[in-house]
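As structure tokens, the structure follows; a few thoughts come after it.
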Amino acid sequence: MSEQYVSALQETDRSQVALVGGKAAHLGDLSRIEGVRVPAGFCVTTDAFRRIMAEEPSIDDQLERLALVSPDDREAIRTLSARLRLTVEEIAVPDGIAAAITGALARLGEQGAYAVRSSATAEDLPTASFAGQQDTYLNVVGPDEILRHVRRCWASLFTERAVTYRQRNGIDHRAVHMAVVVQRMVFPQAAGILFTADPVTGNRRVATVDAGFGLGEALVSGLVNPDVFTVRDGEVVSRTIAAKQRAVLPLPTGGTQETAVEAGRQEQPALTDAQAVELVRLGRVIEAHFGRPQDIEWCLVDDGFHIVQSRPITTLFPVPASDDGENHIYVSVGHQQMMTDAMKPLGLSMWQHTAMVPMSEAGGRLFVDVTRRLASPAGRAALLDLMGKGDPLVRDALETVLDRDDFVLPLPEPGPAGPPSRAASAPASAAGRAPAPIETDPAIVTGLIERSEASVAALERDIRTKTGPELFDFLQDAFVEHKRVLTDPLNLPVIMAGMEATWWLNDKLHEWLGEKNVADTLTLSAPDNITSEMGLALLDVADVVRARPEVVEFLQGVDDEGFLDELPKVAGGTEAREAIEAYLDRYGMRCVGEIDITRPRWRERPTTLVPVILDNVRNFEPGAARRRFEEGRLKAERKEQEVLSRLRALPDGEVKAEETKRMIDRVRTFIGYREYPKYNIISRYSVYKQALLAEAERLVRAGVLAERDDCFYLTFEEFRDAVRSDEVDQPLVQERKEAFRAYQALTPPRVLTSDGEAVSGAYRRDDVPDGSLVGLAVSAGTVEGRARVVLDMADADLEAGDILVTSFTDPSWSPLFVGIAGLVTEVGGLMTHGAVIAREYGLPAVVGVEGATRLIRDGQRIRVHGTDGYVEILS
């Protein structure tokens with residue numbers, strides 16, 4: 001096929017990104033939208049770029065060296081990228097390419113003024129805009145100057161910022177090619193940027209217009225503050241008119257010049273309100289064409305608006321799909337489940353199939369639509385009460401939206417309703433009722449656990465013979481059983497009994513004794529807590545390892561998942577392997593982000609546990625697990641005796657003490673079970689996963705899947721169809737992989753509206769010292785120590801007395817809790833797993849600290865106020 005060096009803009013579209021790059025492809029699409037004016041021009045294609053790169057053999061060697069450089073090695077990137085740019089700029093443009101460019105110029109008018117603009121193949125894409133990564137040159141005049149600036153655009157593929165951007169986003173430098181757009185210059189009275197969605201809040205109904213005098217370069221470069229117009233529903237709802245002291249204007253001989261704006265004109269608006277509204281109307285047309293919010297560069301000339309670029313806004317969090325035209329409010333599931341990372345499609349799909357309530361997906365995360373509950377006055381009060389106890393930021397975010405009276409219209413109340421009680425704020429059961437009260441009887445918890453274990457054992461037994469389509473039919477029935485176990489008539493009453501008793505103790509003992517969060521001590525070493533037992537059990541594994549020095553030395557060098565097979569070759573290795581295997585038999589289904597079935601379990605990746613075992617060997621003495629549990633139990637017992645003694649000294653003291661004793665017994669009987677349902681869910685997930693991976697491996701052997709883990713990018717239904725038909729949509733798998741990479745960079749909001757507004761909520765507190773980081777008090781006490789900021793459990797390197805600072809902790813982090821002195825997380829609530837285990841181990845903890853991993857530096861000394869809910873960063 002012959003090479004095409006030049007293509008007219010009106011002949012390009014989104015299907016030709018590989019030939020013309022992202023910018024040119026978008027401009028070609030824009031030029032065919034009715035009513036949208038795009039300056040005429042042409043594109044120097046990637047065929048020309050590839051030929052240029054082939055002209056200089058040294059480029060391959062330079063790219064090879066660049067690929068080996070860390071994204072954080074700025075000096076090496078600066079040096080190598082500068083050398084590459086110089087190499088490319090000095091390459092002579094071959095005659096065939098030069099003739100194609102000058103011929104295209106002659107057709108447009110070779111003495112005209114042009115903008116010469118980069119158009120990389122990884123630019124202006126739905127998942128990565130690459131905005132500002134390559135170069136643009138304005139008001140270029142004459143064929144020789146056009147050719148020189150085309151070379152400069154080719155070279156700008158290797159600017160330091162572009163190279164770093166690709167390194168950080170995992171994009172191969174050789175996989176990106178550069179086309180160049182050559183467009184007739186527009187000399188505007190005003191120019192700027194239009195966002196068809198609010199780039200800060202994400203609200204899709206709000207558009208913002210930035211405007212300044214002259215060329216848009218003054219705004220893009222930050223030379224001036226722009227006028228800002230906010231437009232909603234065809235009306236300017238706010239405007240800020242800046243003092244625009246400078247402007248960038250074209251020079252008659254080519255190039256641009258920064259000039260002063262005359263004093264009398266500086267504070268005049270660059271646009272009228274009517275022009276801003278018309279521009280947004282035009283932006284909505286463009287947005288509808290591309291199917292997503294756009295970042296649009298525009299110019300205003302005498303006869304109206306010209307569009308010189310449109311790219312997707314890639315930083316917005318997607319909105320759950322809804323086609324009813326109604327307003328919706330969504331609450332993040334990840335913030336409740338302590339897993340705010342993006343999930344792969346199979347993980348999302350499996351959680352939706354096994355969840356107790358319908359869930360929507362957006363941005364690789366799950367959300368629950370709470371609109372109807374908020375529309376009912378009683379439902380609203382109960383939901384806000386429950387959310388406030390779990391995570392005050394969620395409640396505040398919901399109230400922020402509800403304060404807009406027109407967003408959620410109230411439903412009529414079916415009958416008289418009094419103030420919500422604690423029972424009313426409990427999660428509704430399957431029948432929609434609050435759980436019935438139960439007796440304080442440990443046999444109830446024992447029975448629940450036994451029934452759960454029997455159900456998992458039956459699943460493991462019955463699934464072994466199921467393969468192919470029969471497996472997926474079996475799993476559909478297994479999901480029904482999954483939900484049946486979770487809706488055991490006693491399951492929710494037991495969970496709520498522990499939570500209710502905790503709330504009662506904290507409220508009443510604060511009222512009667514003036515002491516905060518007393519339940520934190522009274523629940524130490526509560527029985528039947530599977531998650532806290534998991535952390536202590538790893539201390540027992542460390543005892544086995546510690547007694548065998550050769551095993552310790554062997555584990556220090558482990559970097560391969562097959563190390564358990566090698567361990568018996570080391571003196572004492574057989575006993576160590578047996579201890580680790582026994583631990584994995586009990587807890588190997590767990591992992592970080594375990595609600596996503598696609599995440600590797602500890603059984604699949606046992607090296608994850610090795611650093612924690614070695615930390616335990618180093619930081620603890622033999623028998624630490626039993627001692628810690630007994631110390632906690634005795635501390636709780638002493639606290640109980642102290643509280644009851646103090647109560648008896650009060651008026652009506654015997655009555656208060658008797659009631660408190662009943663609640664202490666209740667909380668110690670039931671609070672440990674709070675962690676068990678999640679353990680049951682993840683145990684079942686592990687069984688599902690092994691069966692599904694076996695099917696994926698069969699599809700790989702049959703040539704249907706390229707690799708086993710490609711099944712993670714299919715929904716459950718798509719996976720089932722692939723097994724039945726032996727066919728997979730490979731482009732869809734690739735598209736899903738790219739989308740997942742983009743979703744990983746997004747921060748999910750606690751609350752999201754159907755308008756796309758991401759609402760995070762705020763703490764409305766004035767009782768903390770200035771400069772402190774505010775959060776939610778979940779485990780009493782105050783501790784000072786070294787902050788260890790850990791984003792991946794496998795990277796943890798903790799010493800006794802360290803304070804763990806991380807984004808979130810699900811149950812898999814619990815083994816780290818035995819060796820730390822305190823906990824700070826960005827996500828969490830009173831009854832989420834990290835809070836429950838922090839209380840179980842007696843660790844002062846503050847959760848829900850926005851930006852904690854960014855604001856607290858690794859190694860800093862901090863003081864955690866677990867009773868009052870804030871963190872001090874110490875000098």
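Ordering of the structure tokens sets the chain letters (A, B, ...); residue numbers start at 1 within each chain; ligands are numbered from 1 in the order shown.
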Polymer residues at most 12 Å from A:Glu64, only C-alpha atoms, same-chain spacing of 2 or more positions, as a PyMOL selection string: chain A and resi 58-62+66-69+80-81+84+172-174
Contacts of A:Gln4 within 9 Å, only C-alpha atoms, excl. fewer than 2 positions in-chain, as an NGL selection string: :A and (2 or 6-7 or 19 or 44-48)
Any chance you can output those residues with all heavy atoms as a PDB file, in the first residue's frame?
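Written out: selection25.pdb:
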ATOM      1  N   SER A   2       0.622   2.209  -0.882  1.00  0.00           N
ATOM      2  CA  SER A   2       1.448   3.402  -0.986  1.00  0.00           C
ATOM      3  C   SER A   2       1.213   4.300   0.227  1.00  0.00           C
ATOM      4  O   SER A   2       0.132   4.317   0.808  1.00  0.00           O
ATOM      5  CB  SER A   2       1.108   4.180  -2.269  1.00  0.00           C
ATOM      6  OG  SER A   2      -0.243   4.591  -2.247  1.00  0.00           O
ATOM      7  N   VAL A   6      -0.113  13.383   3.163  1.00  0.00           N
ATOM      8  CA  VAL A   6      -0.973  14.522   3.469  1.00  0.00           C
ATOM      9  C   VAL A   6      -2.427  14.106   3.305  1.00  0.00           C
ATOM     10  O   VAL A   6      -2.767  13.356   2.382  1.00  0.00           O
ATOM     11  CB  VAL A   6      -0.654  15.725   2.545  1.00  0.00           C
ATOM     12  CG1 VAL A   6      -1.733  16.784   2.618  1.00  0.00           C
ATOM     13  CG2 VAL A   6       0.685  16.340   2.905  1.00  0.00           C
ATOM     14  N   SER A   7      -3.282  14.598   4.209  1.00  0.00           N
ATOM     15  CA  SER A   7      -4.726  14.342   4.106  1.00  0.00           C
ATOM     16  C   SER A   7      -5.465  15.618   4.468  1.00  0.00           C
ATOM     17  O   SER A   7      -5.153  16.260   5.482  1.00  0.00           O
ATOM     18  CB  SER A   7      -5.138  13.210   5.060  1.00  0.00           C
ATOM     19  OG  SER A   7      -6.533  13.004   5.034  1.00  0.00           O
ATOM     20  N   LEU A  19      -3.566   7.170  11.459  1.00  0.00           N
ATOM     21  CA  LEU A  19      -2.963   7.880  10.332  1.00  0.00           C
ATOM     22  C   LEU A  19      -2.777   9.361  10.616  1.00  0.00           C
ATOM     23  O   LEU A  19      -1.748   9.946  10.255  1.00  0.00           O
ATOM     24  CB  LEU A  19      -3.828   7.712   9.074  1.00  0.00           C
ATOM     25  CG  LEU A  19      -3.322   8.404   7.804  1.00  0.00           C
ATOM     26  CD1 LEU A  19      -2.029   7.747   7.325  1.00  0.00           C
ATOM     27  CD2 LEU A  19      -4.390   8.372   6.708  1.00  0.00           C
ATOM     28  N   VAL A  44      -0.389  16.468   7.997  1.00  0.00           N
ATOM     29  CA  VAL A  44       0.795  15.713   7.591  1.00  0.00           C
ATOM     30  C   VAL A  44       0.747  14.409   8.389  1.00  0.00           C
ATOM     31  O   VAL A  44       0.817  14.418   9.616  1.00  0.00           O
ATOM     32  CB  VAL A  44       2.092  16.492   7.884  1.00  0.00           C
ATOM     33  CG1 VAL A  44       3.303  15.706   7.395  1.00  0.00           C
ATOM     34  CG2 VAL A  44       2.043  17.876   7.250  1.00  0.00           C
ATOM     35  N   THR A  45       0.608  13.296   7.734  1.00  0.00           N
ATOM     36  CA  THR A  45       0.224  12.043   8.386  1.00  0.00           C
ATOM     37  C   THR A  45       1.379  11.348   9.120  1.00  0.00           C
ATOM     38  O   THR A  45       2.547  11.720   8.975  1.00  0.00           O
ATOM     39  CB  THR A  45      -0.348  11.059   7.356  1.00  0.00           C
ATOM     40  OG1 THR A  45       0.728  10.634   6.508  1.00  0.00           O
ATOM     41  CG2 THR A  45      -1.454  11.678   6.528  1.00  0.00           C
ATOM     42  N   THR A  46       1.010  10.307   9.845  1.00  0.00           N
ATOM     43  CA  THR A  46       2.021   9.512  10.552  1.00  0.00           C
ATOM     44  C   THR A  46       2.885   8.718   9.579  1.00  0.00           C
ATOM     45  O   THR A  46       3.993   8.294   9.954  1.00  0.00           O
ATOM     46  CB  THR A  46       1.352   8.551  11.549  1.00  0.00           C
ATOM     47  OG1 THR A  46       0.408   7.723  10.863  1.00  0.00           O
ATOM     48  CG2 THR A  46       0.638   9.315  12.653  1.00  0.00           C
ATOM     49  N   ASP A  47       2.418   8.500   8.334  1.00  0.00           N
ATOM     50  CA  ASP A  47       3.291   7.873   7.336  1.00  0.00           C
ATOM     51  C   ASP A  47       4.545   8.718   7.140  1.00  0.00           C
ATOM     52  O   ASP A  47       5.667   8.190   7.030  1.00  0.00           O
ATOM     53  CB  ASP A  47       2.555   7.726   5.994  1.00  0.00           C
ATOM     54  CG  ASP A  47       1.538   6.598   6.005  1.00  0.00           C
ATOM     55  OD1 ASP A  47       1.525   5.809   6.969  1.00  0.00           O
ATOM     56  OD2 ASP A  47       0.739   6.504   5.030  1.00  0.00           O
ATOM     57  N   ALA A  48       4.354  10.041   7.098  1.00  0.00           N
ATOM     58  CA  ALA A  48       5.500  10.941   6.948  1.00  0.00           C
ATOM     59  C   ALA A  48       6.406  10.853   8.171  1.00  0.00           C
ATOM     60  O   ALA A  48       7.638  10.802   8.054  1.00  0.00           O
ATOM     61  CB  ALA A  48       5.012  12.372   6.750  1.00  0.00           C
TER      62      ALA A  48
END
Do you know which residues are at most 12 Å from stretch 448-465 of chain A counting only C-alpha atoms, after dropping those on the same chain fewer than 4 positions away, and could you put them as number ranges by chain? A: 441-444, 470-495, 528-530, 586, 670, 672-692, 694
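When only C-alpha atoms are used to measure the gap to A:Leu524, the shortest distance among A:Ala702, A:Val180, A:Ala636, A:Leu30 belongs to A:Ala636.
Each of A:Arg107, A:Thr253, A:Glu695, A:Asp295 was compared to A:Glu707 using only C-alpha atoms, and A:Glu695 turns out to be the nearest.
Interatomic distance, atom CA of A:Gly632 to atom CA of A:Tyr870: 24.4 Å.
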